[in-house]
Amino acid sequence: MVEGEYLSVDSLSTGDRIEIGWMPNRKCVIEYLGDYKFRAIYCENSTIQPADTFKCIEFIKNQPAIMDEFIQSGNTDKTSRRYIAGKHHGLSFIKKLD
């Protein structure tokens with residue numbers, strides 16, 4: 001793992017939190033739940049909202065984050081979708097939190 005440039009989900013433990021950001025001015029803190037699954041904890045200026053869940057295998061700076069099985073917490077039918085964070089410019093930062 002090279003923090004700030006690339007984060008492999010295989011290097012995370014359940015409960016680890018990471019912060020990701022992308023243009024324009026979007027930021028999320030997400031918690032690793034295990035089995036490549038994450039839950040949003042805090043979100044700023046994003047479609048992703050707290051309690052939304054998704055699966056992702058890696059986060060790479062300047063590359064889009066592909067979030068599969070994305071389920072919005074308020075979605076009553078629990079239909080999963082694909083969400084792409086940083087679709088045009090990629091992630092601007094990736095930080096594992098203590």
# chains A, B, ... in the order shown; residues from 1 in each chain; ligands from 1
>>> residues_around(residues="A:Met23", least_positions_apart="6", cutoff="8 Å", atoms="only C-alpha atoms", output="list in words")
Gly86, His89, Gly90, Leu91 and Ser92 of chain A
>>> write_last_selection(atoms="all heavy atoms", output="short mmCIF file (atom, residue, chain, number, x, y, z; two decimals), in the first residue's frame")
data_model
loop_
_atom_site.label_atom_id
_atom_site.label_comp_id
_atom_site.auth_asym_id
_atom_site.auth_seq_id
_atom_site.Cartn_x
_atom_site.Cartn_y
_atom_site.Cartn_z
N GLY A 86 -15.60 10.27 -8.97
CA GLY A 86 -14.49 10.84 -9.74
C GLY A 86 -14.49 10.38 -11.18
O GLY A 86 -13.43 10.15 -11.76
N HIS A 89 -12.30 12.98 -13.47
CA HIS A 89 -10.93 13.35 -13.09
C HIS A 89 -10.28 12.37 -12.10
O HIS A 89 -9.13 12.54 -11.73
CB HIS A 89 -10.91 14.75 -12.47
CG HIS A 89 -11.42 15.80 -13.40
ND1 HIS A 89 -10.69 16.28 -14.45
CD2 HIS A 89 -12.62 16.44 -13.46
CE1 HIS A 89 -11.39 17.19 -15.12
NE2 HIS A 89 -12.57 17.29 -14.54
N GLY A 90 -11.03 11.39 -11.66
CA GLY A 90 -10.49 10.43 -10.70
C GLY A 90 -10.52 10.96 -9.28
O GLY A 90 -10.97 12.08 -9.02
N LEU A 91 -10.04 10.17 -8.37
CA LEU A 91 -9.95 10.58 -6.96
C LEU A 91 -8.82 11.58 -6.80
O LEU A 91 -7.72 11.38 -7.31
CB LEU A 91 -9.70 9.37 -6.06
CG LEU A 91 -10.80 8.31 -6.01
CD1 LEU A 91 -10.37 7.16 -5.10
CD2 LEU A 91 -12.12 8.89 -5.56
N SER A 92 -9.07 12.65 -6.07
CA SER A 92 -8.03 13.65 -5.84
C SER A 92 -7.20 13.32 -4.60
O SER A 92 -6.06 13.75 -4.49
CB SER A 92 -8.64 15.05 -5.71
OG SER A 92 -9.68 15.07 -4.76
#
>>> select_by_dssp(residues="chain A", states="strand (DSSP E or B)", output="PyMOL selection string")
chain A and resi 2+6-8+17-22+26-34+37-44+53-55+58-61+65-71+81-85+91-97
>>> closest_residue(among="A:Phe70, A:Phe59, A:Tyr36, A:Phe54", to="A:Trp22", atoms="only C-alpha atoms")
A:Phe59
>>> residues_around(residues="stretch 41-49 of chain A", least_positions_apart="4", cutoff="7 Å", atoms="only C-alpha atoms", output="MDAnalysis selection string")
chainID A and resid 25:31
>>> closest_residue(among="A:Thr53, A:Ile60, A:Lys95, A:Ala40", to="A:Arg81", atoms="only C-alpha atoms")
A:Thr53
>>> closest_residue(among="A:Arg39, A:Lys87, A:Lys55, A:Arg17", to="A:Ser73", atoms="only C-alpha atoms")
A:Arg39
>>> atom_distance(atom1="atom CA of A:Leu97", atom2="atom CA of A:Gly34")
16.5 Å
>>> closest_residue(among="A:Asp98, A:Ile57, A:Gln63, A:Asp52", to="A:Ser11", atoms="only C-alpha atoms")
A:Ile57
